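Quick notes on the structure that follows.
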Amino acid sequence: MTLACKTFPQKLDGQHQFRFYKDNLALGLDWNSFPELQIPAAWKEDSGSYWCEAKSMQQKVTRSPRVLIEVHRVPISNVSLKIQPPDGHLVEGEKLVLVCLVAEGTGDITFFWYKGALGLNLEVKTQRSLMAQFEIPAVTESDAEQYYCAADNSFGPRLSELVSITVKIPVSRPVLTLTALRAQVVVGDVVQLHCEARRGSPPIQYWFYHEDVTLKNSSAPSGGGVSFNLSLTAEHSGNYFCEAKNGRRVQRSEVVPLNITGPAEDRKELLTSGAIGIVGFITMAILFCCWLKRKIGRRSARDPPRNPPSPAPQESNYLNSQAPGQLQPEYENVNLVSGDKIYSLVYCVQQEQHSAVDKPPGIHTEDKDSLDIYSRLKKADLTDVDYEDAM
């Protein structure tokens with residue numbers, strides 16, 4: 001706005017000086033030879049009553065009529081909300097800038113920022129500008145919402161459109177677990193590999209590795225972890241790890257070692273061979289004992305004991321036994337085989353020599369000692385049964 005003070009008739013000798021007033025207050029410091037006053041930008045508060053004075057060389061002062069000037073504000077229009085980054089996709093911890101813009105409007109403008117459709121007020125600023133901004137230094141998951149702004153210069157607030165903001169949570173370090181049916185896996189077993197990031201916005205992409213070689217990749221559209229089964233071969237021994245990604249960064253799990261001992265069939269054959277060896281050893285021990293008993297029994301028959309004869313044996317309570325007077329117990333032994341109790345009794349039977357007078361005439365009888373060894377076996381958990389073997 002330009003204010004001009006003119007004298008009539010106009011004199012070009014430049015002898016006049018001028019001064020401007022508004023509402024009885026002088027504008028400027030003192031008299032000035034320039035007859036115009038520039039107001040770069042007129043605002044509502046510039047409204048008022050203006051006039052000027054002219055002073056001649058003779059110190060004669062002439063005052064102009066008053067002029068009433070009223071400044072009207074331009075209403076606000078076309079309010080918009082711009083965001084940085086422009087796509088509205090942020091990662092947790094990044095800065096969000098909300099810029100509220102006004103296409104038209106004069107005077108002091110009050111800006112408002114709101115969160116959510118219900119309008120949670122975040123900030124209020126008043127300034128003589130067509131633009132203002134509000135910042136969230138580090139966004140969190142709760143900042144993922146819709147935002148809008150409003151501007152007012154006394155004509156009522158004008159609202160912007162809603163703008164959506166998404167905040168992605170980076171994946172945490174995933175955890176790899178290997179699950180099998182037994183603690184020591186062998187070739188042919190199936191192992192389940194499970195990789196899971198405890199925190200992170202979906203979708204999450206996973207990769208499984210064996211010694212830096214990719215085994216499988218899979219996606220979890222709704223978050224959580226993924227698994228797959230691996231049928232083991234001898235080449236699958238080594239270190240395993242997995243990776244997870246849902247944005248710019250990739251997270252890697254700790255290394256999990258896996259040791260494979262060998263085929264399951266080989267272990268079965270080894271166990272079977274060991275069992276056969278044990279049974280064979282027990283069998284050989286039993287045969288050796290039988291041989292030793294038989295050898296000692298024959299030697300005793302040839303060399304009768306020098307001790308006094310044993311008293312008459314008691315009647316045997318075993319089935320299929322000889323008459324009591326014919327059995328003299330010589331050796332006894334007890335063995336335990338494969339959990340069954342086996343009792344072994346060895347008897348030496350000596351037949352009496354008949355005198356010549358008792359012999360029937362015409363029959364020659366040779367003096368002879370015969371040796372019979374009787375072995376009785378009895379299982380403790382079955383009915384007593386005698387098994388005789390004449391040696």
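Convention: chains lettered A, B, ... in structure tokens order; per-chain residue numbering from 1; ligands numbered from 1 as shown.
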
Excluding segment 70-84 of chain A and its own-chain neighbours fewer than 5 positions away, which residues fall within 7 Å of it when counting only C-alpha atoms? Please give them as an MDAnalysis selection string.
chainID A and resid 42:44 46:48 96:107 148:153 155 158:161

Selection file, C-alpha atoms, as a PDB file, in the first residue's frame:
ATOM      1  CA  ALA A  42      -1.012  -4.484   4.451  1.00  0.00           C
ATOM      2  CA  TRP A  43      -2.512  -6.511   7.227  1.00  0.00           C
ATOM      3  CA  LYS A  44      -5.735  -6.384   9.141  1.00  0.00           C
ATOM      4  CA  ASP A  46      -3.097  -1.696   9.213  1.00  0.00           C
ATOM      5  CA  SER A  47      -6.695  -0.613   9.001  1.00  0.00           C
ATOM      6  CA  GLY A  48      -7.235   2.955  10.372  1.00  0.00           C
ATOM      7  CA  LEU A  96       8.330 -38.178  10.423  1.00  0.00           C
ATOM      8  CA  VAL A  97       7.688 -34.599   9.216  1.00  0.00           C
ATOM      9  CA  LEU A  98       4.110 -33.313   8.768  1.00  0.00           C
ATOM     10  CA  VAL A  99       3.911 -30.090   6.704  1.00  0.00           C
ATOM     11  CA  CYS A 100       0.627 -28.154   6.627  1.00  0.00           C
ATOM     12  CA  LEU A 101       0.252 -25.862   3.573  1.00  0.00           C
ATOM     13  CA  VAL A 102      -2.234 -23.081   2.743  1.00  0.00           C
ATOM     14  CA  ALA A 103      -2.698 -21.937  -0.844  1.00  0.00           C
ATOM     15  CA  GLU A 104      -4.429 -18.630   0.057  1.00  0.00           C
ATOM     16  CA  GLY A 105      -4.956 -16.677   3.235  1.00  0.00           C
ATOM     17  CA  THR A 106      -3.718 -13.546   4.931  1.00  0.00           C
ATOM     18  CA  GLY A 107      -2.915 -12.458   8.430  1.00  0.00           C
ATOM     19  CA  TYR A 148      -4.579 -34.418   8.944  1.00  0.00           C
ATOM     20  CA  CYS A 149      -4.090 -30.692   9.645  1.00  0.00           C
ATOM     21  CA  ALA A 150      -6.222 -27.537   9.825  1.00  0.00           C
ATOM     22  CA  ALA A 151      -5.583 -23.782   9.341  1.00  0.00           C
ATOM     23  CA  ASP A 152      -7.560 -20.776  10.578  1.00  0.00           C
ATOM     24  CA  ASN A 153      -7.153 -16.972  10.144  1.00  0.00           C
ATOM     25  CA  PHE A 155     -12.653 -17.122   9.140  1.00  0.00           C
ATOM     26  CA  ARG A 158     -10.108 -25.341   7.016  1.00  0.00           C
ATOM     27  CA  LEU A 159      -9.147 -29.069   7.041  1.00  0.00           C
ATOM     28  CA  SER A 160      -6.772 -31.082   4.896  1.00  0.00           C
ATOM     29  CA  GLU A 161      -7.307 -34.584   3.575  1.00  0.00           C
TER      30      GLU A 161
END

Determine the nearest neighbour of Pro85 of chain A from the options A:Val226, A:Leu130, A:Ile165, A:Ile278, counting only C-alpha atoms.
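Of the candidates, the smallest distance to Pro85 of chain A is held by A:Ile165.
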
If DSSP is run on the backbone, what residues of segment 14-250 of chain A are helix (DSSP H, G or I)? A reply as a list in words would be ideal.
Lys44, Glu45, Asp46, Glu141, Ser142, Asp143, Ala234, Glu235 and His236 of chain A

Sel. of strand (DSSP E or B) residues, segment 104-271 of chain A, as a ChimeraX atom specification:
/A:104,109-115,120-127,131-136,146-152,158-159,163-164,166-168,175-179,187,190-196,204-210,213-220,225-231,238-245,250-252,256-258,263

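Nearest-residue note for His194 of chain A: choosing from A:Val139, A:Val256, A:Ala285, A:Leu68, the minimum distance belongs to A:Val256, counting only C-alpha atoms.
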
Shell of 8 Å around segment 246-250 of chain A, only C-alpha atoms, local chain residues under 6 positions omitted, as a compact mmCIF listing (two decimals) with N, CA and C atoms, in the first residue's frame:
# COMPACT_ATOMS: atom_id res chain seq x y z
N LYS A 168 6.93 -49.76 9.98
CA LYS A 168 7.35 -51.16 9.94
C LYS A 168 8.35 -51.42 11.06
N PRO A 170 11.34 -53.48 12.38
CA PRO A 170 12.38 -54.36 11.84
C PRO A 170 12.38 -55.71 12.54
N VAL A 171 12.77 -56.75 11.83
CA VAL A 171 12.82 -58.08 12.44
C VAL A 171 13.94 -58.13 13.47
N GLY A 200 8.78 -58.28 14.65
CA GLY A 200 8.91 -57.79 13.28
C GLY A 200 7.57 -57.73 12.58
N SER A 201 7.41 -56.71 11.74
CA SER A 201 6.15 -56.54 11.01
C SER A 201 6.10 -57.52 9.84
N PRO A 202 4.93 -58.14 9.61
CA PRO A 202 4.80 -59.04 8.46
C PRO A 202 4.67 -58.22 7.17
N PRO A 203 4.93 -58.88 6.05
CA PRO A 203 5.42 -60.26 5.90
C PRO A 203 6.92 -60.34 6.17
N ILE A 204 7.35 -61.53 6.61
CA ILE A 204 8.77 -61.77 6.91
C ILE A 204 9.27 -62.87 5.98
N GLN A 205 10.40 -62.64 5.36
CA GLN A 205 11.03 -63.62 4.47
C GLN A 205 12.15 -64.33 5.21

Go through A:Val61, A:Ile69, A:Val124, A:Leu90 one by one, measure the shortest atom-to-atom distance of each to Ile109 of chain A using only C-alpha atoms, and give the residue with the smallest value.
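The answer is A:Val124, which sits nearest to Ile109 of chain A.
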
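Counting only C-alpha atoms, the residue from A:Val187, A:Gln146, A:Asn217, A:Gln251 that sits nearest to His236 of chain A is A:Val187.
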
Residue with smallest distance to Gly156 of chain A - pool A:Ile136, A:Gln127, A:Leu178, A:Phe111, counting only C-alpha atoms:
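The answer is A:Phe111, which sits nearest to Gly156 of chain A.
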
For segment 29-32 of chain A, please output as an MDAnalysis selection string all residues within 6 Å (counting only C-alpha atoms; exclusion window: fewer than 4 positions along the same chain).
chainID A and resid 17:19

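Closest approach to Cys5 of chain A from the set A:Glu36, A:Asp143, A:Asp189, A:Asp23 is made by A:Glu36, with distances taken over only C-alpha atoms.
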
Report, in Å to a single decimal, how far apart atom CA of Leu118 of chain A and atom CA of Ser142 of chain A are.
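Atom-to-atom, atom CA of Ser142 of chain A and atom CA of Leu118 of chain A are spaced 15.4 Å apart.
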
If we count only C-alpha atoms, what is near Val175 of chain A at a cut-off of 10 Å, once residues fewer than 2 positions away on the same chain are taken out, given as a PyMOL selection string?
chain A and resi 172-173+177+194-198+225+241-244+252-256

Keeping only N, CA, C and O atoms, take the residues you just selected and write them out as a compact mmCIF listing (two decimals), in the first residue's frame.
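again15.txt, written as the output of this step:
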# COMPACT_ATOMS: atom_id res chain seq x y z
N SER A 172 13.66 -58.84 14.54
CA SER A 172 14.70 -59.10 15.52
C SER A 172 15.57 -60.26 15.03
O SER A 172 15.28 -60.89 14.00
N ARG A 173 16.62 -60.56 15.78
CA ARG A 173 17.50 -61.67 15.40
C ARG A 173 16.73 -62.98 15.52
O ARG A 173 16.20 -63.30 16.58
N THR A 177 15.94 -73.53 15.54
CA THR A 177 15.88 -74.73 16.37
C THR A 177 15.80 -75.95 15.47
O THR A 177 15.11 -75.94 14.44
N HIS A 194 13.29 -75.02 12.29
CA HIS A 194 12.30 -73.95 12.53
C HIS A 194 13.04 -72.64 12.79
O HIS A 194 13.92 -72.57 13.64
N CYS A 195 12.70 -71.61 12.01
CA CYS A 195 13.33 -70.29 12.14
C CYS A 195 12.23 -69.28 12.46
O CYS A 195 11.20 -69.23 11.76
N GLU A 196 12.46 -68.48 13.49
CA GLU A 196 11.43 -67.52 13.89
C GLU A 196 12.08 -66.26 14.47
O GLU A 196 12.96 -66.34 15.32
N ALA A 197 11.62 -65.10 13.98
CA ALA A 197 11.97 -63.81 14.55
C ALA A 197 10.88 -63.43 15.54
O ALA A 197 9.70 -63.38 15.19
N ARG A 198 11.26 -63.19 16.78
CA ARG A 198 10.29 -62.91 17.84
C ARG A 198 9.56 -61.60 17.61
O ARG A 198 8.44 -61.42 18.07
N GLY A 225 7.05 -67.70 12.57
CA GLY A 225 8.16 -68.43 11.98
C GLY A 225 7.72 -69.40 10.91
O GLY A 225 6.53 -69.56 10.63
N PHE A 241 22.25 -72.22 9.96
CA PHE A 241 21.76 -70.94 10.44
C PHE A 241 20.66 -70.48 9.50
O PHE A 241 20.43 -71.05 8.42
N CYS A 242 19.93 -69.44 9.94
CA CYS A 242 18.85 -68.89 9.11
C CYS A 242 18.91 -67.38 9.15
O CYS A 242 19.56 -66.78 10.01
N GLU A 243 18.22 -66.74 8.18
CA GLU A 243 18.14 -65.29 8.08
C GLU A 243 16.69 -64.86 7.97
O GLU A 243 15.85 -65.60 7.44
N ALA A 244 16.40 -63.64 8.45
CA ALA A 244 15.05 -63.08 8.38
C ALA A 244 15.14 -61.64 7.89
O ALA A 244 16.08 -60.91 8.24
N ARG A 252 20.57 -62.34 11.07
CA ARG A 252 21.03 -63.73 10.99
C ARG A 252 21.03 -64.37 12.37
O ARG A 252 21.39 -63.74 13.36
N SER A 253 20.62 -65.63 12.41
CA SER A 253 20.59 -66.37 13.68
C SER A 253 21.99 -66.85 14.06
O SER A 253 22.94 -66.75 13.28
N GLU A 254 22.08 -67.40 15.26
CA GLU A 254 23.31 -68.05 15.67
C GLU A 254 23.45 -69.39 14.95
O GLU A 254 22.48 -69.98 14.50
N VAL A 255 24.69 -69.86 14.87
CA VAL A 255 24.98 -71.13 14.19
C VAL A 255 24.62 -72.29 15.10
O VAL A 255 24.93 -72.28 16.29
N VAL A 256 23.95 -73.30 14.53
CA VAL A 256 23.57 -74.51 15.27
C VAL A 256 24.27 -75.70 14.61
O VAL A 256 24.02 -75.99 13.44
